[in-house]
file coords_17.csv (CSV, C-alpha atoms)
chain,number,residue,atom,x,y,z
A,1,MET,CA,9.8,7.2,3.0
A,2,ASN,CA,13.4,8.2,2.0
A,3,SER,CA,12.6,11.8,0.8
A,4,ASP,CA,16.1,13.2,1.5
A,5,LEU,CA,17.7,11.4,-1.4
A,6,ASN,CA,15.0,12.6,-3.7
A,7,GLN,CA,15.1,16.3,-2.6
A,8,THR,CA,16.3,18.7,-5.3
A,9,SER,CA,19.2,21.0,-4.5
A,10,ALA,CA,16.8,24.0,-4.4
A,11,GLY,CA,14.9,22.4,-1.6
A,12,ARG,CA,11.7,21.7,-3.5
A,13,ALA,CA,9.4,18.7,-2.7
A,14,PRO,CA,10.7,15.3,-3.7
A,15,ALA,CA,10.0,14.1,-7.3
A,16,TYR,CA,8.7,10.7,-8.3
A,17,VAL,CA,8.3,8.6,-11.3
A,18,VAL,CA,5.8,5.8,-12.1
A,19,GLY,CA,6.6,2.7,-14.1
A,20,LEU,CA,3.9,0.5,-15.6
A,21,ASP,CA,4.1,-3.1,-16.7
A,22,ALA,CA,0.9,-3.7,-18.6
A,23,GLY,CA,0.7,-7.3,-19.8
A,24,GLY,CA,-1.8,-9.8,-21.1
A,25,THR,CA,-3.1,-10.8,-17.6
A,26,ARG,CA,-2.4,-7.9,-15.3
A,27,THR,CA,-1.2,-4.3,-15.0
A,28,ARG,CA,1.3,-3.4,-12.4
A,29,ALA,CA,2.3,0.1,-11.4
A,30,VAL,CA,5.3,1.1,-9.3
A,31,LEU,CA,6.1,4.4,-7.7
A,32,ALA,CA,9.8,5.3,-7.1
A,33,PRO,CA,11.9,8.3,-6.4
A,34,ALA,CA,12.9,10.1,-9.6
A,35,HIS,CA,16.6,10.2,-8.8
A,36,GLY,CA,17.3,6.7,-7.5
A,37,GLY,CA,16.2,4.5,-4.6
A,38,ASP,CA,13.8,1.7,-4.0
A,39,PRO,CA,10.2,1.6,-5.0
A,40,GLU,CA,7.8,3.2,-2.4
A,41,GLY,CA,4.4,2.0,-3.7
A,42,GLU,CA,2.8,-0.4,-6.1
A,43,GLY,CA,-0.6,-1.4,-7.4
A,44,VAL,CA,-2.0,-4.2,-9.5
A,45,SER,CA,-5.1,-4.3,-11.7
A,46,GLY,CA,-6.5,-6.2,-14.8
A,47,PRO,CA,-5.0,-6.8,-18.2
A,48,GLY,CA,-3.2,-4.1,-20.1
A,49,ASN,CA,-2.7,-5.4,-23.6
A,50,ALA,CA,-3.0,-2.3,-25.8
A,51,LEU,CA,-4.4,-4.1,-28.7
A,52,THR,CA,-6.9,-6.6,-27.2
A,53,VAL,CA,-8.3,-4.7,-24.1
A,54,PRO,CA,-11.0,-2.2,-25.0
A,55,GLY,CA,-9.9,1.4,-24.5
A,56,ALA,CA,-12.3,2.3,-21.7
A,57,GLN,CA,-11.4,-0.9,-19.8
A,58,LEU,CA,-7.7,-0.3,-20.4
A,59,THR,CA,-8.1,3.2,-18.9
A,60,GLU,CA,-9.8,1.7,-15.9
A,61,HIS,CA,-7.1,-0.8,-15.3
A,62,LEU,CA,-4.4,1.8,-15.6
A,63,ALA,CA,-6.1,4.2,-13.2
A,64,GLU,CA,-6.7,1.5,-10.7
A,65,ALA,CA,-3.1,0.3,-10.6
A,66,VAL,CA,-1.7,3.8,-10.5
A,67,ALA,CA,-4.2,4.9,-7.7
A,68,GLN,CA,-3.0,2.0,-5.6
A,69,ALA,CA,0.7,2.8,-6.2
A,70,VAL,CA,0.6,6.6,-5.7
A,71,PRO,CA,-0.9,8.0,-2.5
A,72,GLU,CA,-3.1,11.0,-3.2
A,73,ALA,CA,-0.7,13.3,-1.3
A,74,LEU,CA,2.2,12.4,-3.8
A,75,ARG,CA,0.3,12.6,-7.0
A,76,GLY,CA,1.3,16.2,-7.6
A,77,HIS,CA,5.0,15.2,-7.3
A,78,VAL,CA,5.1,12.7,-10.2
A,79,VAL,CA,7.3,14.1,-12.9
A,80,ALA,CA,7.5,11.2,-15.4
A,81,VAL,CA,5.6,8.1,-16.3
A,82,ALA,CA,6.7,5.2,-18.5
A,83,GLY,CA,4.7,2.2,-19.4
A,84,GLY,CA,5.6,-1.1,-21.0
A,85,PHE,CA,2.5,-2.4,-22.8
A,86,ALA,CA,1.8,-5.7,-24.4
A,87,GLY,CA,0.6,-4.9,-27.9
A,88,ALA,CA,2.5,-1.6,-28.2
A,89,SER,CA,5.6,-0.8,-30.2
A,90,ARG,CA,7.9,2.1,-30.7
A,91,THR,CA,8.4,1.2,-34.4
A,92,ALA,CA,6.5,4.3,-35.4
A,93,PRO,CA,4.9,7.3,-33.6
A,94,ASP,CA,1.5,6.3,-35.0
A,95,GLU,CA,1.7,2.6,-34.3
A,96,PRO,CA,-1.8,1.6,-33.2
A,97,GLY,CA,-1.0,0.0,-29.9
A,98,ARG,CA,1.3,2.8,-28.9
A,99,VAL,CA,-1.3,5.4,-29.7
A,100,LYS,CA,-4.1,3.6,-27.8
A,101,ALA,CA,-1.9,3.0,-24.8
A,102,HIS,CA,-0.8,6.6,-24.7
A,103,ALA,CA,-4.4,7.9,-25.0
A,104,ALA,CA,-5.6,5.6,-22.2
A,105,LEU,CA,-2.7,6.5,-19.9
A,106,VAL,CA,-3.2,10.2,-20.4
A,107,VAL,CA,-6.9,9.9,-19.4
A,108,ALA,CA,-6.1,7.6,-16.4
A,109,LEU,CA,-3.5,10.0,-15.1
A,110,SER,CA,-5.7,13.0,-15.6
A,111,ARG,CA,-8.5,11.3,-13.7
A,112,LEU,CA,-6.1,10.9,-10.7
A,113,GLY,CA,-4.9,14.5,-10.8
A,114,ILE,CA,-1.4,13.5,-12.1
A,115,ASP,CA,-0.3,16.2,-14.5
A,116,VAL,CA,2.9,15.2,-16.2
A,117,ASP,CA,4.4,16.0,-19.7
A,118,ALA,CA,6.9,13.2,-19.7
A,119,ILE,CA,4.8,10.1,-20.7
A,120,GLU,CA,6.7,7.4,-22.5
A,121,ILE,CA,5.1,4.3,-24.1
A,122,HIS,CA,7.3,1.2,-24.7
A,123,SER,CA,6.5,-2.4,-25.5
A,124,ASP,CA,6.3,-4.7,-22.4
A,125,ILE,CA,9.4,-6.5,-23.7
A,126,GLU,CA,11.4,-3.3,-23.9
A,127,ALA,CA,10.5,-2.6,-20.3
A,128,ALA,CA,11.3,-6.1,-19.2
A,129,PHE,CA,14.7,-5.9,-20.9
A,130,ALA,CA,15.5,-2.6,-19.1
A,131,ALA,CA,14.6,-4.4,-15.8
A,132,ALA,CA,17.7,-6.5,-15.9
A,133,PRO,CA,20.7,-5.6,-13.7
A,134,GLY,CA,22.4,-2.5,-15.0
A,135,HIS,CA,19.4,-1.6,-17.1
A,136,PRO,CA,21.0,-2.7,-20.4
A,137,ALA,CA,20.4,-0.9,-23.7
A,138,ASP,CA,21.3,-3.6,-26.2
A,139,GLY,CA,20.8,-7.4,-26.5
A,140,LEU,CA,18.0,-9.9,-26.8
A,141,ALA,CA,14.8,-10.3,-24.9
A,142,LEU,CA,12.6,-13.4,-24.6
A,143,VAL,CA,9.1,-13.6,-23.2
A,144,ALA,CA,7.5,-17.0,-22.5
A,145,GLY,CA,4.2,-16.5,-20.6
A,146,THR,CA,0.8,-16.7,-22.2
A,147,GLY,CA,2.5,-16.0,-25.5
A,148,ALA,CA,6.0,-16.3,-26.7
A,149,VAL,CA,8.2,-13.8,-28.5
A,150,ALA,CA,11.8,-12.8,-28.8
A,151,MET,CA,13.1,-9.3,-29.7
A,152,ARG,CA,16.4,-7.7,-30.5
A,153,ILE,CA,16.8,-4.5,-28.5
A,154,THR,CA,19.0,-1.7,-29.7
A,155,ALA,CA,19.3,1.5,-27.8
A,156,ARG,CA,16.4,0.4,-25.7
A,157,ALA,CA,14.1,0.0,-28.7
A,158,CYS,CA,13.0,-3.1,-30.5
A,159,THR,CA,14.7,-3.5,-33.9
A,160,ALA,CA,13.7,-7.1,-34.8
A,161,THR,CA,11.0,-9.5,-33.7
A,162,ALA,CA,10.6,-13.3,-33.9
A,163,GLY,CA,7.4,-15.0,-32.9
A,164,GLY,CA,4.7,-13.2,-30.9
A,165,ASP,CA,2.0,-13.6,-33.6
A,166,GLY,CA,-0.8,-14.3,-31.1
A,167,TRP,CA,-2.7,-17.4,-30.1
A,168,LEU,CA,-4.2,-18.0,-33.5
A,169,LEU,CA,-1.2,-17.7,-35.7
A,170,GLY,CA,1.9,-18.2,-33.5
A,171,ASP,CA,3.3,-17.9,-30.0
A,172,ASP,CA,4.6,-21.4,-30.3
A,173,GLY,CA,6.0,-22.7,-27.0
A,174,GLY,CA,4.0,-20.2,-24.9
A,175,GLY,CA,1.4,-20.9,-22.3
A,176,PHE,CA,-1.5,-21.0,-24.7
A,177,TRP,CA,0.3,-23.4,-27.0
A,178,ILE,CA,1.1,-25.7,-24.1
A,179,GLY,CA,-2.5,-25.6,-22.8
A,180,ARG,CA,-3.9,-26.3,-26.2
A,181,GLU,CA,-1.6,-29.3,-26.6
A,182,ALA,CA,-2.8,-30.6,-23.2
A,183,VAL,CA,-6.4,-30.6,-24.5
A,184,ARG,CA,-5.4,-32.2,-27.8
A,185,VAL,CA,-3.6,-35.1,-26.1
A,186,ALA,CA,-6.6,-35.6,-23.8
A,187,LEU,CA,-8.9,-35.8,-26.8
A,188,ARG,CA,-6.6,-38.1,-28.6
A,189,MET,CA,-6.4,-40.4,-25.6
A,190,ALA,CA,-10.2,-40.5,-25.4
A,191,ASP,CA,-10.8,-41.4,-29.1
A,192,GLY,CA,-8.0,-43.9,-29.2
A,193,ARG,CA,-5.5,-42.0,-31.4
A,194,GLY,CA,-3.1,-41.3,-28.5
A,195,GLY,CA,-1.6,-43.1,-25.5
A,196,ALA,CA,-2.6,-42.8,-21.9
A,197,THR,CA,-1.6,-39.6,-20.1
A,198,ALA,CA,-2.3,-38.0,-16.7
A,199,LEU,CA,-3.6,-35.0,-18.6
A,200,GLY,CA,-6.8,-36.9,-19.5
A,201,ALA,CA,-8.0,-36.7,-15.9
A,202,SER,CA,-6.4,-33.3,-14.9
A,203,VAL,CA,-7.6,-31.4,-18.0
A,204,GLY,CA,-11.0,-32.9,-17.7
A,205,ARG,CA,-11.3,-32.0,-14.0
A,206,ALA,CA,-10.0,-28.4,-14.7
A,207,LEU,CA,-12.8,-28.0,-17.3
A,208,ASP,CA,-15.5,-29.5,-15.1
A,209,VAL,CA,-16.0,-32.7,-16.9
A,210,PRO,CA,-18.1,-35.0,-14.6
A,211,GLU,CA,-16.0,-37.3,-12.4
A,212,ASP,CA,-17.8,-40.5,-13.5
A,213,VAL,CA,-16.5,-40.2,-17.1
A,214,LEU,CA,-12.9,-39.2,-16.3
A,215,PRO,CA,-10.1,-41.7,-17.0
A,216,ALA,CA,-8.3,-43.4,-14.2
A,217,GLU,CA,-5.6,-41.5,-12.3
A,218,PRO,CA,-2.7,-42.3,-12.5
A,219,PRO,CA,-3.1,-43.4,-16.1
A,220,GLY,CA,-2.2,-46.8,-17.3
A,221,PRO,CA,-2.9,-48.9,-20.3
A,222,TYR,CA,-6.5,-48.7,-21.5
A,223,ASP,CA,-8.9,-50.8,-19.5
A,224,THR,CA,-12.0,-50.8,-21.7
A,225,ARG,CA,-13.9,-52.6,-18.9
A,226,VAL,CA,-13.6,-49.4,-16.8
A,227,TRP,CA,-13.1,-46.5,-19.3
A,228,THR,CA,-15.5,-47.8,-21.8
A,229,ARG,CA,-16.1,-46.4,-25.3
A,230,ALA,CA,-19.3,-44.9,-24.0
A,231,ARG,CA,-17.6,-43.2,-21.1
A,232,ARG,CA,-14.9,-41.9,-23.5
A,233,GLU,CA,-17.5,-40.5,-25.8
A,234,ALA,CA,-19.2,-38.8,-22.9
A,235,TYR,CA,-15.9,-37.4,-21.9
A,236,ARG,CA,-15.4,-35.9,-25.3
A,237,MET,CA,-18.9,-34.5,-25.4
A,238,HIS,CA,-18.3,-32.7,-22.1
A,239,LEU,CA,-14.7,-31.5,-22.9
A,240,LEU,CA,-15.2,-30.0,-26.3
A,241,PRO,CA,-18.0,-27.5,-25.3
A,242,ALA,CA,-16.1,-26.6,-22.1
A,243,VAL,CA,-13.2,-25.5,-24.2
A,244,LEU,CA,-15.1,-23.8,-27.0
A,245,GLU,CA,-17.3,-21.7,-24.7
A,246,ARG,CA,-14.2,-20.0,-23.2
A,247,PRO,CA,-12.0,-17.3,-24.8
A,248,PRO,CA,-9.3,-19.3,-26.6
A,249,VAL,CA,-6.5,-17.6,-24.7
A,250,GLN,CA,-7.7,-19.1,-21.4
A,251,LEU,CA,-6.2,-22.4,-22.6
A,252,ALA,CA,-3.0,-20.9,-21.2
A,253,LEU,CA,-4.4,-21.6,-17.7
A,254,LEU,CA,-4.0,-25.3,-18.4
A,255,ALA,CA,-0.2,-25.0,-18.9
A,256,PRO,CA,0.6,-25.7,-15.2
A,257,LEU,CA,-1.2,-29.0,-15.5
A,258,VAL,CA,1.4,-30.1,-18.0
A,259,ALA,CA,4.3,-29.2,-15.7
A,260,GLU,CA,2.6,-31.0,-12.9
A,261,ALA,CA,2.0,-34.2,-14.9
A,262,ALA,CA,5.6,-34.2,-16.1
A,263,VAL,CA,7.0,-33.8,-12.6
A,264,ARG,CA,4.5,-35.6,-10.4
A,265,HIS,CA,3.6,-38.5,-12.7
A,266,GLU,CA,6.7,-38.5,-14.9
A,267,ASP,CA,4.2,-38.5,-17.7
A,268,PRO,CA,6.0,-39.0,-21.0
A,269,VAL,CA,3.3,-37.2,-23.0
A,270,ALA,CA,3.5,-34.2,-20.8
A,271,GLU,CA,7.3,-34.3,-20.9
A,272,GLY,CA,7.1,-34.4,-24.7
A,273,ILE,CA,4.9,-31.2,-24.7
A,274,LEU,CA,7.4,-29.3,-22.6
A,275,GLU,CA,10.4,-30.5,-24.7
A,276,THR,CA,8.7,-29.4,-27.9
A,277,ALA,CA,7.8,-26.1,-26.3
A,278,ALA,CA,11.5,-25.5,-25.4
A,279,ASP,CA,12.4,-26.4,-29.1
A,280,HIS,CA,10.0,-23.7,-30.3
A,281,LEU,CA,11.5,-21.1,-27.9
A,282,ALA,CA,15.0,-22.0,-29.0
A,283,ASP,CA,14.0,-21.7,-32.6
A,284,THR,CA,12.5,-18.2,-31.9
A,285,VAL,CA,15.8,-17.1,-30.3
A,286,ARG,CA,17.9,-18.5,-33.2
A,287,ALA,CA,15.8,-16.5,-35.7
A,288,LEU,CA,17.4,-13.4,-34.3
A,289,GLU,CA,20.9,-14.7,-35.1
A,290,PRO,CA,22.3,-14.3,-31.6
A,291,ARG,CA,26.0,-13.8,-31.1
A,292,PRO,CA,27.9,-16.1,-28.7
A,293,GLY,CA,27.9,-14.5,-25.2
A,294,GLU,CA,25.1,-12.1,-26.1
A,295,ARG,CA,22.8,-11.2,-23.2
A,296,ILE,CA,19.3,-12.7,-23.2
A,297,VAL,CA,16.9,-11.1,-20.7
A,298,ALA,CA,14.0,-13.5,-20.2
A,299,THR,CA,10.7,-13.1,-18.5
A,300,GLY,CA,7.4,-14.9,-18.2
A,301,GLY,CA,5.9,-17.6,-16.0
A,302,LEU,CA,7.4,-20.4,-18.1
A,303,LEU,CA,10.9,-19.3,-17.4
A,304,GLY,CA,12.7,-18.2,-14.2
A,305,PRO,CA,13.7,-20.1,-11.1
A,306,ASP,CA,10.6,-22.3,-11.0
A,307,GLY,CA,9.6,-22.2,-14.7
A,308,PRO,CA,9.0,-25.6,-16.4
A,309,LEU,CA,10.9,-24.6,-19.5
A,310,THR,CA,14.0,-23.1,-17.9
A,311,THR,CA,16.1,-26.3,-17.8
A,312,PRO,CA,15.2,-27.6,-21.2
A,313,LEU,CA,15.7,-24.2,-22.9
A,314,THR,CA,19.0,-23.6,-21.0
A,315,ALA,CA,20.3,-26.9,-22.4
A,316,ARG,CA,19.3,-25.8,-25.9
A,317,LEU,CA,20.9,-22.4,-25.7
A,318,HIS,CA,24.2,-23.5,-24.1
A,319,PRO,CA,25.7,-24.8,-27.4
A,320,LEU,CA,25.1,-21.3,-28.8
A,321,GLY,CA,27.0,-19.7,-26.0
A,322,LEU,CA,23.9,-18.1,-24.5
A,323,THR,CA,22.5,-17.9,-21.0
A,324,LEU,CA,19.3,-16.6,-19.7
A,325,ASP,CA,19.1,-13.5,-17.4
A,326,TRP,CA,15.7,-13.7,-15.8
A,327,VAL,CA,13.5,-10.8,-14.5
A,328,PRO,CA,10.1,-11.2,-12.9
A,329,ASP,CA,8.4,-8.5,-14.9
A,330,GLY,CA,9.0,-5.1,-16.6
A,331,SER,CA,7.8,-2.8,-13.8
A,332,ARG,CA,11.4,-2.0,-12.5
A,333,GLY,CA,12.5,-1.6,-16.1
A,334,ALA,CA,9.6,0.9,-16.7
A,335,VAL,CA,10.8,2.8,-13.6
A,336,ALA,CA,14.3,3.0,-15.1
A,337,LEU,CA,12.9,4.2,-18.5
A,338,ALA,CA,10.8,6.8,-16.7
A,339,ARG,CA,13.9,8.1,-14.9
A,340,LEU,CA,15.8,8.2,-18.2
A,341,GLY,CA,13.0,10.1,-19.7
A,342,HIS,CA,13.0,12.6,-16.8
A,343,ASP,CA,16.7,13.1,-17.1
A,344,GLY,CA,16.4,13.7,-20.8
call {"tool": "encode", "arguments": {"input": "coords_17.csv", "output": "structure tokens"}}
result
Amino acid sequence: MNSDLNQTSAGRAPAYVVGLDAGGTRTRAVLAPAHGGDPEGEGVSGPGNALTVPGAQLTEHLAEAVAQAVPEALRGHVVAVAGGFAGASRTAPDEPGRVKAHAALVVALSRLGIDVDAIEIHSDIEAAFAAAPGHPADGLALVAGTGAVAMRITARACTATAGGDGWLLGDDGGGFWIGREAVRVALRMADGRGGATALGASVGRALDVPEDVLPAEPPGPYDTRVWTRARREAYRMHLLPAVLERPPVQLALLAPLVAEAAVRHEDPVAEGILETAADHLADTVRALEPRPGERIVATGGLLGPDGPLTTPLTARLHPLGLTLDWVPDGSRGAVALARLGHDG
């Protein structure tokens, strides 16, 4: 541990900050020196969406992640904590997600014996934006993971939002949207409204549809002597309940199947889904009226070095004079925000 760089001039014990990235699928905590330097501990726990995760469960996830990141011997040396929470916003002091996240975090820290006055709640997107090199204060942020949303960030706070309306009303182009489209084209293939696609077999297999009613793989023109109407009806009767008995957001888990079908099978149906998803994300960015050359910090599993939407979205943003600056998550940004909070 590099304590020397973190020692105060008065010779007191080193000070630390904790940054939290609390998203829809996981909560990540990072411990770092308060005055610069690399992280020295991290922990991971369950979902941290401030609006959808029940308060008691949110507290448990926060406490678990922080406990893993901060050794017991250092818990008395934490001077500031900042969290980027899905479902939270700094638009108003009494914004529901912000209030709930703050309350859960206070309880979680108290449970671990971490007594700190400097606790800052940000949205997960504000934290992700601050994670970019140089920790920028102004620009655009784009998230394409389970959901999809873009924000304009001014002075490290969100000032405008496009998309991000949740799985039922929006998030077009995100993981849920892609997974739902995968099921829809599989059903259309089965009832005769759509063409053959590798997603018929892969989606069915992922949802435990019996092998004896799955379509052929790789797909080809309908062969009714093999995939008969009776087998297609049986496929539908297994697939529909398998989808409906799960929480809707779990459809996002099917998104990788679309990317696999597009690459491995060069499946035109899967390729079409990804192209349309990229269109939706580009429209979401355009809604914020970006300026040529403006910085866009992007995060989420659908973007980045191996993201299936990186190439098509980059092609759509290039004519606007925009490029993506990708970060893996907002934990480093939350550390930067905690340091800023500690420094006043």
call {"tool": "closest_atom_pairs", "arguments": {"input": "coords_17.csv", "of": "region 274-344 of chain A", "to": "region 15-21 of chain A", "cutoff": "7 Å", "atoms": "only C-alpha atoms", "output": "JSON lines"}}
result
{"residue": "A:Gly330", "atom": "CA", "partner": "A:Asp21", "partner_atom": "CA", "distance": 5.3}
{"residue": "A:Ser331", "atom": "CA", "partner": "A:Asp21", "partner_atom": "CA", "distance": 4.7}
{"residue": "A:Arg332", "atom": "CA", "partner": "A:Gly19", "partner_atom": "CA", "distance": 6.9}
{"residue": "A:Ala334", "atom": "CA", "partner": "A:Gly19", "partner_atom": "CA", "distance": 4.4}
{"residue": "A:Val335", "atom": "CA", "partner": "A:Gly19", "partner_atom": "CA", "distance": 4.2}
{"residue": "A:Ala338", "atom": "CA", "partner": "A:Val17", "partner_atom": "CA", "distance": 6.2}
{"residue": "A:Arg339", "atom": "CA", "partner": "A:Val17", "partner_atom": "CA", "distance": 6.7}
call {"tool": "residues_around", "arguments": {"input": "coords_17.csv", "residues": "Ala162 (chain A)", "least_positions_apart": "3", "cutoff": "8 Å", "atoms": "all atoms listed in the file", "output": "mmCIF file with C-alpha atoms, in the coordinates of the input"}}
result
data_model
loop_
_atom_site.group_PDB
_atom_site.id
_atom_site.type_symbol
_atom_site.label_atom_id
_atom_site.label_comp_id
_atom_site.auth_asym_id
_atom_site.auth_seq_id
_atom_site.Cartn_x
_atom_site.Cartn_y
_atom_site.Cartn_z
ATOM 1 C CA VAL A 149 8.200 -13.800 -28.500
ATOM 2 C CA ALA A 150 11.800 -12.800 -28.800
ATOM 3 C CA MET A 151 13.100 -9.300 -29.700
ATOM 4 C CA THR A 284 12.500 -18.200 -31.900
ATOM 5 C CA VAL A 285 15.800 -17.100 -30.300
ATOM 6 C CA ALA A 287 15.800 -16.500 -35.700
ATOM 7 C CA LEU A 288 17.400 -13.400 -34.300
#
call {"tool": "closest_residue", "arguments": {"input": "coords_17.csv", "among": "A:Arg316, A:Arg291, A:Arg229, A:His35", "to": "Ala80 (chain A)", "atoms": "all atoms listed in the file"}}
result
A:His35
call {"tool": "closest_residue", "arguments": {"input": "coords_17.csv", "among": "A:Ala278, A:Val143, A:Ile178, A:Leu324", "to": "Leu257 (chain A)", "atoms": "all atoms listed in the file"}}
result
A:Ile178
call {"tool": "closest_residue", "arguments": {"input": "coords_17.csv", "among": "A:Arg180, A:Arg75, A:Arg111, A:Arg28", "to": "Leu240 (chain A)", "atoms": "all atoms listed in the file"}}
result
A:Arg180
call {"tool": "atom_distance", "arguments": {"input": "coords_17.csv", "atom1": "CA of Ser45 (chain A)", "atom2": "CA of His61 (chain A)"}}
result
5.4 Å
call {"tool": "closest_residue", "arguments": {"input": "coords_17.csv", "among": "A:Pro248, A:Gly23, A:Pro14, A:Gly179", "to": "Gly76 (chain A)", "atoms": "only C-alpha atoms"}}
result
A:Pro14
call {"tool": "residues_near_point", "arguments": {"input": "coords_17.csv", "point": "(-6.6, -39.9, -24.3)", "cutoff": "9 Å", "atoms": "all atoms listed in the file", "output": "list in words"}}
result
Arg184, Val185, Ala186, Leu187, Arg188, Met189, Ala190, Asp191, Gly192, Arg193, Gly194, Gly195, Ala196, Thr197, Ala198, Leu199, Gly200, Pro215 and Arg232 of chain A
call {"tool": "closest_residue", "arguments": {"input": "coords_17.csv", "among": "A:Thr310, A:Ser202, A:Thr228, A:Thr27", "to": "Glu260 (chain A)", "atoms": "all atoms listed in the file"}}
result
A:Ser202
call {"tool": "closest_residue", "arguments": {"input": "coords_17.csv", "among": "A:Val297, A:Glu289, A:Asp212, A:Phe176", "to": "Pro247 (chain A)", "atoms": "all atoms listed in the file"}}
result
A:Phe176
call {"tool": "atom_distance", "arguments": {"input": "coords_17.csv", "atom1": "CA of Glu233 (chain A)", "atom2": "CA of Val269 (chain A)"}}
result
21.2 Å
call {"tool": "atom_distance", "arguments": {"input": "coords_17.csv", "atom1": "CA of Arg152 (chain A)", "atom2": "CA of Gly139 (chain A)"}}
result
6.0 Å
call {"tool": "residues_around", "arguments": {"input": "coords_17.csv", "residues": "Leu239 (chain A)", "least_positions_apart": "5", "cutoff": "8 Å", "atoms": "all atoms listed in the file", "output": "mmCIF file with C-alpha atoms, keeping the file's coordinate frame"}}
result
data_model
loop_
_atom_site.group_PDB
_atom_site.id
_atom_site.type_symbol
_atom_site.label_atom_id
_atom_site.label_comp_id
_atom_site.auth_asym_id
_atom_site.auth_seq_id
_atom_site.Cartn_x
_atom_site.Cartn_y
_atom_site.Cartn_z
ATOM 1 C CA GLY A 204 -11.000 -32.900 -17.700
ATOM 2 C CA LEU A 207 -12.800 -28.000 -17.300
ATOM 3 C CA VAL A 209 -16.000 -32.700 -16.900
#
call {"tool": "residues_around", "arguments": {"input": "coords_17.csv", "residues": "Gly341 (chain A)", "least_positions_apart": "6", "cutoff": "9 Å", "atoms": "all atoms listed in the file", "output": "number ranges by chain"}}
result
A: 80-82, 118-120
call {"tool": "residues_around", "arguments": {"input": "coords_17.csv", "residues": "Leu320 (chain A)", "least_positions_apart": "5", "cutoff": "12 Å", "atoms": "only C-alpha atoms", "output": "NGL selection string"}}
result
:A and (282-283 or 285-286 or 289-296 or 313-315)
call {"tool": "residues_around", "arguments": {"input": "coords_17.csv", "residues": "region 96-103 of chain A", "least_positions_apart": "4", "cutoff": "6 Å", "atoms": "only C-alpha atoms", "output": "ChimeraX atom specification"}}
result
/A:50-51,87-89
call {"tool": "residues_near_point", "arguments": {"input": "coords_17.csv", "point": "(12.2, -21.3, -16.0)", "cutoff": "12 Å", "atoms": "all atoms listed in the file", "output": "number ranges by chain"}}
result
A: 142-145, 259, 274, 278, 281, 298-315, 323-328
call {"tool": "write_last_selection", "arguments": {"input": "coords_17.csv", "atoms": "C-alpha atoms", "output": "PDB file, in the frame of the given file"}}
result
ATOM      1  CA  LEU A 142      12.600 -13.400 -24.600  1.00  0.00           C
ATOM      2  CA  VAL A 143       9.100 -13.600 -23.200  1.00  0.00           C
ATOM      3  CA  ALA A 144       7.500 -17.000 -22.500  1.00  0.00           C
ATOM      4  CA  GLY A 145       4.200 -16.500 -20.600  1.00  0.00           C
ATOM      5  CA  ALA A 259       4.300 -29.200 -15.700  1.00  0.00           C
ATOM      6  CA  LEU A 274       7.400 -29.300 -22.600  1.00  0.00           C
ATOM      7  CA  ALA A 278      11.500 -25.500 -25.400  1.00  0.00           C
ATOM      8  CA  LEU A 281      11.500 -21.100 -27.900  1.00  0.00           C
ATOM      9  CA  ALA A 298      14.000 -13.500 -20.200  1.00  0.00           C
ATOM     10  CA  THR A 299      10.700 -13.100 -18.500  1.00  0.00           C
ATOM     11  CA  GLY A 300       7.400 -14.900 -18.200  1.00  0.00           C
ATOM     12  CA  GLY A 301       5.900 -17.600 -16.000  1.00  0.00           C
ATOM     13  CA  LEU A 302       7.400 -20.400 -18.100  1.00  0.00           C
ATOM     14  CA  LEU A 303      10.900 -19.300 -17.400  1.00  0.00           C
ATOM     15  CA  GLY A 304      12.700 -18.200 -14.200  1.00  0.00           C
ATOM     16  CA  PRO A 305      13.700 -20.100 -11.100  1.00  0.00           C
ATOM     17  CA  ASP A 306      10.600 -22.300 -11.000  1.00  0.00           C
ATOM     18  CA  GLY A 307       9.600 -22.200 -14.700  1.00  0.00           C
ATOM     19  CA  PRO A 308       9.000 -25.600 -16.400  1.00  0.00           C
ATOM     20  CA  LEU A 309      10.900 -24.600 -19.500  1.00  0.00           C
ATOM     21  CA  THR A 310      14.000 -23.100 -17.900  1.00  0.00           C
ATOM     22  CA  THR A 311      16.100 -26.300 -17.800  1.00  0.00           C
ATOM     23  CA  PRO A 312      15.200 -27.600 -21.200  1.00  0.00           C
ATOM     24  CA  LEU A 313      15.700 -24.200 -22.900  1.00  0.00           C
ATOM     25  CA  THR A 314      19.000 -23.600 -21.000  1.00  0.00           C
ATOM     26  CA  ALA A 315      20.300 -26.900 -22.400  1.00  0.00           C
ATOM     27  CA  THR A 323      22.500 -17.900 -21.000  1.00  0.00           C
ATOM     28  CA  LEU A 324      19.300 -16.600 -19.700  1.00  0.00           C
ATOM     29  CA  ASP A 325      19.100 -13.500 -17.400  1.00  0.00           C
ATOM     30  CA  TRP A 326      15.700 -13.700 -15.800  1.00  0.00           C
ATOM     31  CA  VAL A 327      13.500 -10.800 -14.500  1.00  0.00           C
ATOM     32  CA  PRO A 328      10.100 -11.200 -12.900  1.00  0.00           C
TER      33      PRO A 328
END
